Every structure is written in structure tokens, then in C-alpha cells.
Amino acid sequence: MDAQGRGRAGGIDPADQWVFDPKTGSYELRLDETGEPSAPAGTPSAPAARRPRPRPAARPVPGQRGTAAGRRTGGGKAAGADRRRPKPKKRTGRKKALIWTGGTLAFVLVGGSVGAYLLYEHLNGNIDKVDVGIDNAAVTKGPVNILVIGTDKRSGKGNTGYGDDGSVGHADTTVLFHVSEDRTNATALSIPRDMITDVPDCPTKSGGVTKTIPGSKNVRFNESLGQEDRDPGCTWRTVEQLTGLRVTHFMMADFNAVKELSSAVGGVEVCLGKDIDDPKSHLKLSKGRHEIQGEDALAFVRTRHSVGFESDLDRIKLQQQFLSSMIRKMKSGDTLTNPKKLYDLGDAATKSLTVDTGISSVGKLASLGKELSKVNLKNITFATLPVVDNPADGKVHKTVVLDKAKADPLLAMVRQDVSLTEVKEKEKKAQEDADAKQQALLQGPKAEPANVRVRVFNGSGRMGAAQETVAWMQNSKGMTRTSNGGNATGGKADKTVLEFAPNQADQARRLADAMGLPADALRQSGGDAAPKAEMKLTLGADFKGAGTPVSDPAPAKAPEGVQKIEADDQNVCAK
């Protein structure tokens, strides 16, 4: 699992991106018109921990970047710079949002290492990447599923001295972070490392050569990474097989990430319901609230022998508490208005982050981060995939297996973007109104089957699904004007979607009735289509086969007994 691509991009000192705005009297990250950072010609190179001295910022000559020394003349003034202070331009709301949201807050990584990433345009050279051999161009539209992996790999700076130094780096803690298509809610689903499951065959790339690592049946989930040289793509494929959700991207961090990031943010508040003294994780804290960072933060997310039943499931609860608190700290004004703290977080995060090639540039990560940050904190819920003790273990329980009775409805909620957060009556009414408007698309006259024109695209991940569906439509339902569009653009899709124009609504209703499409699968455009234009049907992961209803309605509430924490709940204490 060779990481590729490190080095400072463009030779620009990160501190050079912060310039003084005389209108606001504060320092801001200077971006050029494309959203990329520009190096102010009059700003000298400075250590990351220091703010640059106040001075007007001049734009660099396009294509010229040079070293800090090459940008200076005597006295530290820019060569040829206009010494007159230009009249500051009024920043638009969009520009401010781009500066403080698009290029900063993205997501917090969680694991046996836990971390966060804040993304600045100038940190591109810090990021490691792994080509997992999956078509995963940067995705910011539609539902987003980020696979966050905390590995227990002990090698590397800051990672030694924890338990088994010879670990190959398993998927010690894994969270699937799902953001709804409309960005109103998010669910972070923890997957227990000791859950018994099947790991599929997985192609891996190393040194330009691709080899397929055979899958394994009935093994611990954490063996989907590291074991037999498996890379994050193997964990990616295992999670897709397990949940039925299409993974969009992955992010991976090690032990050192939580130490560096908790310190960069100035400490993370946690709560203990009792005194803890765990010699294995080295966590020693008294009952009550504490702000922890560095080694204490790492000990907190690793401990399990002093809480609950001393299981990995109890440790997951601690990690979810820590993660919720980290997100609250990152979204606080104390963090977002502090340039030094933002830089420290971005620098620490990108240095400890490994991602897939689809988001391996800071520009793409920043765009993704902008999308993730749209979700209101109160609508982010952390949950654990339901499991039960493995009957095969006998009296000594070492592993767990999926609790399908609870997991199936929970996963259906995630797939259909149903929030796990308990909503207030006002928000509930707004959601009900939106649902009613969508449901109305199914009401009204239906076209004759022979008049239904649709092109079918396969995003289900099942080979031949589009042709299977077209044959069924033509031979069993009399929809003779249907065609096969081949594979969907962008690969797999989470949900089946039917796109149509207002003057095709009767055709859409006929097709939805025949296929058992739910109301939220319908996407009506604004303007009418040409008389003989085709609708577009994209089969998703919820497609079960031609003639089988695509999707049953997801439950409105999570099943009883599902362990979950809401991100804005500050009253959670470990016991």
C-alpha cells in the first residue's frame, strides 16, 4: 500500500496566503478569481505559526511564483510594487463563504486514530493518495458516502509504542459518513472491527502492477485492510457489499492524527461518568468534564477496558462522543475566526491524511468540504451498525455478527436519506410538506404502456441489469419504446432515479407503477421535453431485479436498541 505524491505545491509558503484587509482590520486567506490561493507579491515568507505583517497585497504576475527571497527587494518591499494603498474591494457574501467555508471546514476523521481535516488550497503537497482502482471522480452532487478509516498501523513518526508494533495496519475503526442528497442531514455509521463478514476479491495496485487479492469468508471486518496486503479499496468494496451503499470516497488516518489535530484545535471536551485509570491505553482521568489533547486524546479514543463491558462497542461510543465534540469545536466561532488555528488544523490534517485519487488535490477536497459543511450540526447523528454476539464463539464472546432485523431497516433509512435525528415539530411539518409535494408526482393519469419512452442506464453494480429491465418492459409490460443506455455515467448509484419533463409525467407515473418506484425516485425537470424525447431511468443499488419493486418505504424512526448519538448533544458522558 504505497502512498504516492508528497511535496510542497508551487513552492509557496502557507503563511504568504494570509493578508491584511484594511477594511475589516483582520487577516484573511487570499484567493484569486478562480478560487485558488494567490501568493501576495509584497508578503515575505514566514513561519506557519506567525501572521504576516500588515501590508497591502499585490497580485503575482501570472505564471511567476519563485521563492520568497526572489519576491523581495531591500527592506522587504516588493520589487516594482505600487506603494499606494488600493481602495479595498467590498467582499460579496459568496466570496466570504468561499474563504471561510469552502476552503476550511470539511470533516472530522475518526478511528483507533481519530482526526479532522481542514483544507486550505496551499496544503495540496501534504496529502498522500492511493489508487484503489475504482472509478471515483470527485463527487459533490447527489448523496455522498465518505468511508473514514482509522488504521492501527504502528510504524511511522508518532505511531510507535502502542500495543502490537508489528501491526500491518488493519481497519481498526471504520465510519461510513453519509450526507443526504439535499444536504439536510448526515449519518455517521460506525462498523465494528470484530464483526464477522465476507471480504470480496479485491484488485490492488503497487508499482504500476495490478494484482487481485482473493477474498475471505467469515473473517473479522478489520481484516479488509492490511491483511494479505489489502489496501483501502478492499475495505471500500467490503462496505459496499455489506451496506448496499455506494462509497463515494475514502479518507484514512493513523494514530498520530488524533494527537496532532486535538492539539491544533486547542483541546476537545469530553465527559466521564466515573474515574478511569486504564494501564493499557494509559488513560487516567477523573469523573467529570475535561479538555483533552495530544496523548490524552489518543488514550481516550483507544480505551475500552475501563468503560461499559470493556468491548469494542463501548470504545465506539467513546469515539462518537469525541467526534461529536470535535465537530462542535471546529464549527465554533473560536475556531473559524482564528487564522492561526485554522492553518494549524489544515496543516496537521493534510499531513496525516490519505485519500483516493478522486479527491487527491486540495481543490477537490475543498469542494467536497464545502458540500459537507452545509449540514446543520443538529442534524448529524452517529450510529453503530447493529450487531449481536457471535453464537459460534461459545461462552467467551470475541466477535459479533450483523443483527439483520435491526440493520436492514437502519440501512434502508440511510439509503433513502431519512434522518436519524429527532426533529422538532416545525421542521417535521416542513419535511412532511416536501414529502407530500413529491408524493403528488405519482397522482394523475398514466400513459398507455406503448407510449412510454425511456432509456435505461445501469448504475446498480449488477451486470446486465439495464438489458434485463428493457427486456422485461418490452415483453411483460408492453413498453415497446424503451432502450438500453448502457452503464450510468459515474458508475454505481445509490438509488434508482427516473428523470422526466412535465409533459412526460403520465409516462413517468406508468413506469413508476410498473416498477414499484417510490415517490422520491422521481425527478421532474422545469421545462417540457420534445415530443418523442426519452425519459432517463438510472438503476441504483436498490434495484433487486426486473419485476421486483425497487424499494420499500424506509421506516421513519430508527429501530429500538440502535446505539446513536446526536452531534449537538453536549450531555453525553461515558460510563
# chains A, B, ... in the order shown; residues from 1 in each chain; ligands from 1
$ residues_around --residues "Gln467 of chain A" --least-positions-apart "5" --cutoff "10 Å" --atoms "only C-alpha atoms" --output "list in words"
Val456, Phe457, Asn458, Trp472, Met473, Ser483, Asn484, Gly485, Gly486 and Ala546 of chain A
$ select_by_dssp --residues "segment 411-549 of chain A" --states "helix (DSSP H, G or I)" --output "NGL selection string"
:A and (411-415 or 425-442 or 449-451 or 465-476 or 502-515 or 519-521)
$ atom_distance --atom1 "atom CA of Asp520 of chain A" --atom2 "atom CA of Ala412 of chain A"
13.3 Å
$ residues_around --residues "Asp356 of chain A" --least-positions-apart "4" --cutoff "8 Å" --atoms "only C-alpha atoms" --output "PyMOL selection string"
chain A and resi 129-132+136+249-251+360
$ write_last_selection --atoms "N, CA, C and O atoms" --output "mmCIF file, in the first residue's frame"
data_model
loop_
_atom_site.group_PDB
_atom_site.id
_atom_site.type_symbol
_atom_site.label_atom_id
_atom_site.label_comp_id
_atom_site.auth_asym_id
_atom_site.auth_seq_id
_atom_site.Cartn_x
_atom_site.Cartn_y
_atom_site.Cartn_z
ATOM 1 N N LYS A 129 -1.971 9.779 -1.367
ATOM 2 C CA LYS A 129 -3.088 9.217 -2.116
ATOM 3 C C LYS A 129 -2.817 7.757 -2.456
ATOM 4 O O LYS A 129 -1.669 7.326 -2.559
ATOM 5 N N VAL A 130 -3.890 7.009 -2.627
ATOM 6 C CA VAL A 130 -3.819 5.606 -3.030
ATOM 7 C C VAL A 130 -4.815 5.380 -4.159
ATOM 8 O O VAL A 130 -5.987 5.761 -4.047
ATOM 9 N N ASP A 131 -4.368 4.806 -5.254
ATOM 10 C CA ASP A 131 -5.242 4.457 -6.374
ATOM 11 C C ASP A 131 -5.874 3.109 -6.062
ATOM 12 O O ASP A 131 -5.210 2.075 -6.099
ATOM 13 N N VAL A 132 -7.170 3.111 -5.735
ATOM 14 C CA VAL A 132 -7.846 1.872 -5.351
ATOM 15 C C VAL A 132 -8.495 1.176 -6.537
ATOM 16 O O VAL A 132 -9.202 0.180 -6.373
ATOM 17 N N ASN A 136 -13.779 6.734 -9.409
ATOM 18 C CA ASN A 136 -14.248 7.587 -8.319
ATOM 19 C C ASN A 136 -13.846 9.039 -8.528
ATOM 20 O O ASN A 136 -13.157 9.627 -7.716
ATOM 21 N N HIS A 249 -15.942 8.183 -1.660
ATOM 22 C CA HIS A 249 -14.511 8.415 -1.459
ATOM 23 C C HIS A 249 -14.082 7.808 -0.126
ATOM 24 O O HIS A 249 -14.927 7.495 0.717
ATOM 25 N N PHE A 250 -12.778 7.655 0.055
ATOM 26 C CA PHE A 250 -12.286 7.220 1.361
ATOM 27 C C PHE A 250 -11.253 8.212 1.877
ATOM 28 O O PHE A 250 -10.588 8.923 1.126
ATOM 29 N N MET A 251 -11.123 8.252 3.207
ATOM 30 C CA MET A 251 -10.089 9.022 3.887
ATOM 31 C C MET A 251 -9.547 8.144 5.011
ATOM 32 O O MET A 251 -10.313 7.502 5.711
ATOM 33 N N SER A 360 -7.647 13.734 -4.536
ATOM 34 C CA SER A 360 -6.255 13.833 -4.094
ATOM 35 C C SER A 360 -5.646 15.214 -4.274
ATOM 36 O O SER A 360 -4.465 15.404 -4.029
#
$ residues_around --residues "Gln443 of chain A" --least-positions-apart "5" --cutoff "12 Å" --atoms "only C-alpha atoms" --output "PDB file with N, CA, C and O atoms, in the first residue's frame"
ATOM      1  N   ALA A 436     -45.127  15.424   0.776  1.00  0.00           N
ATOM      2  CA  ALA A 436     -46.438  15.436   0.122  1.00  0.00           C
ATOM      3  C   ALA A 436     -46.326  15.946  -1.315  1.00  0.00           C
ATOM      4  O   ALA A 436     -46.979  15.427  -2.224  1.00  0.00           O
ATOM      5  N   LYS A 437     -45.483  16.975  -1.514  1.00  0.00           N
ATOM      6  CA  LYS A 437     -45.277  17.517  -2.862  1.00  0.00           C
ATOM      7  C   LYS A 437     -44.647  16.463  -3.770  1.00  0.00           C
ATOM      8  O   LYS A 437     -45.040  16.326  -4.938  1.00  0.00           O
ATOM      9  N   GLN A 438     -43.693  15.699  -3.221  1.00  0.00           N
ATOM     10  CA  GLN A 438     -43.063  14.647  -4.012  1.00  0.00           C
ATOM     11  C   GLN A 438     -44.062  13.526  -4.303  1.00  0.00           C
ATOM     12  O   GLN A 438     -44.103  12.978  -5.402  1.00  0.00           O
ATOM     13  N   ALA A 505     -45.051  13.424 -17.537  1.00  0.00           N
ATOM     14  CA  ALA A 505     -45.467  12.973 -16.212  1.00  0.00           C
ATOM     15  C   ALA A 505     -46.355  11.738 -16.270  1.00  0.00           C
ATOM     16  O   ALA A 505     -46.261  10.848 -15.416  1.00  0.00           O
ATOM     17  N   ASP A 506     -47.238  11.670 -17.294  1.00  0.00           N
ATOM     18  CA  ASP A 506     -48.112  10.487 -17.391  1.00  0.00           C
ATOM     19  C   ASP A 506     -47.298   9.234 -17.707  1.00  0.00           C
ATOM     20  O   ASP A 506     -47.612   8.135 -17.220  1.00  0.00           O
ATOM     21  N   GLN A 507     -46.239   9.393 -18.512  1.00  0.00           N
ATOM     22  CA  GLN A 507     -45.349   8.251 -18.787  1.00  0.00           C
ATOM     23  C   GLN A 507     -44.600   7.838 -17.515  1.00  0.00           C
ATOM     24  O   GLN A 507     -44.446   6.644 -17.231  1.00  0.00           O
ATOM     25  N   ALA A 508     -44.148   8.832 -16.766  1.00  0.00           N
ATOM     26  CA  ALA A 508     -43.407   8.548 -15.536  1.00  0.00           C
ATOM     27  C   ALA A 508     -44.282   7.791 -14.540  1.00  0.00           C
ATOM     28  O   ALA A 508     -43.813   6.855 -13.872  1.00  0.00           O
ATOM     29  N   ARG A 509     -45.540   8.195 -14.423  1.00  0.00           N
ATOM     30  CA  ARG A 509     -46.445   7.504 -13.488  1.00  0.00           C
ATOM     31  C   ARG A 509     -46.678   6.055 -13.902  1.00  0.00           C
ATOM     32  O   ARG A 509     -46.732   5.152 -13.061  1.00  0.00           O
ATOM     33  N   ARG A 510     -46.807   5.814 -15.221  1.00  0.00           N
ATOM     34  CA  ARG A 510     -46.986   4.439 -15.703  1.00  0.00           C
ATOM     35  C   ARG A 510     -45.769   3.586 -15.369  1.00  0.00           C
ATOM     36  O   ARG A 510     -45.891   2.462 -14.882  1.00  0.00           O
ATOM     37  N   ALA A 512     -43.424   4.207 -13.039  1.00  0.00           N
ATOM     38  CA  ALA A 512     -43.277   4.079 -11.588  1.00  0.00           C
ATOM     39  C   ALA A 512     -44.209   3.011 -11.048  1.00  0.00           C
ATOM     40  O   ALA A 512     -43.839   2.227 -10.160  1.00  0.00           O
ATOM     41  N   ASP A 513     -45.436   2.958 -11.583  1.00  0.00           N
ATOM     42  CA  ASP A 513     -46.405   1.947 -11.145  1.00  0.00           C
ATOM     43  C   ASP A 513     -45.924   0.538 -11.497  1.00  0.00           C
ATOM     44  O   ASP A 513     -46.032  -0.392 -10.703  1.00  0.00           O
ATOM     45  N   ALA A 519     -41.911   7.529  -4.436  1.00  0.00           N
ATOM     46  CA  ALA A 519     -42.053   8.910  -4.903  1.00  0.00           C
ATOM     47  C   ALA A 519     -40.721   9.632  -4.977  1.00  0.00           C
ATOM     48  O   ALA A 519     -40.499  10.444  -5.885  1.00  0.00           O
TER      49      ALA A 519
END
$ closest_residue --among "A:Gln319, A:Gln570, A:Asn145, A:Thr421" --to "Asp494 of chain A" --atoms "only C-alpha atoms"
A:Asn145
$ closest_atom_pairs --of "segment 285-357 of chain A" --to "segment 227-245 of chain A" --cutoff "12 Å" --atoms "only C-alpha atoms" --output "JSON lines"
{"residue": "A:Thr354", "atom": "CA", "partner": "A:Pro232", "partner_atom": "CA", "distance": 9.7}
{"residue": "A:Val355", "atom": "CA", "partner": "A:Pro232", "partner_atom": "CA", "distance": 9.1}
{"residue": "A:Asp356", "atom": "CA", "partner": "A:Pro232", "partner_atom": "CA", "distance": 8.6}
{"residue": "A:Thr357", "atom": "CA", "partner": "A:Gly233", "partner_atom": "CA", "distance": 11.3}
$ residues_around --residues "Gln524 of chain A" --least-positions-apart "4" --cutoff "6 Å" --atoms "only C-alpha atoms" --output "ChimeraX atom specification"
/A:499-501
$ write_last_selection --atoms "N, CA, C and O atoms" --output "short mmCIF file (atom, residue, chain, number, x, y, z; two decimals), in the first residue's frame"
data_model
loop_
_atom_site.label_atom_id
_atom_site.label_comp_id
_atom_site.auth_asym_id
_atom_site.auth_seq_id
_atom_site.Cartn_x
_atom_site.Cartn_y
_atom_site.Cartn_z
N GLU A 499 -35.78 10.42 -14.37
CA GLU A 499 -35.79 11.83 -14.72
C GLU A 499 -36.74 12.05 -15.90
O GLU A 499 -36.65 11.34 -16.91
N PHE A 500 -37.62 13.06 -15.77
CA PHE A 500 -38.62 13.29 -16.81
C PHE A 500 -39.04 14.76 -16.82
O PHE A 500 -38.81 15.50 -15.85
N ALA A 501 -39.66 15.18 -17.90
CA ALA A 501 -40.16 16.54 -18.04
C ALA A 501 -41.64 16.59 -17.67
O ALA A 501 -42.31 15.54 -17.62
#
$ select_by_dssp --residues "segment 354-413 of chain A" --states "strand (DSSP E or B)" --output "ChimeraX atom specification"
/A:354-356,380-384,387-389,400-402
$ atom_distance --atom1 "atom CA of Leu511 of chain A" --atom2 "atom CA of Ala465 of chain A"
16.4 Å
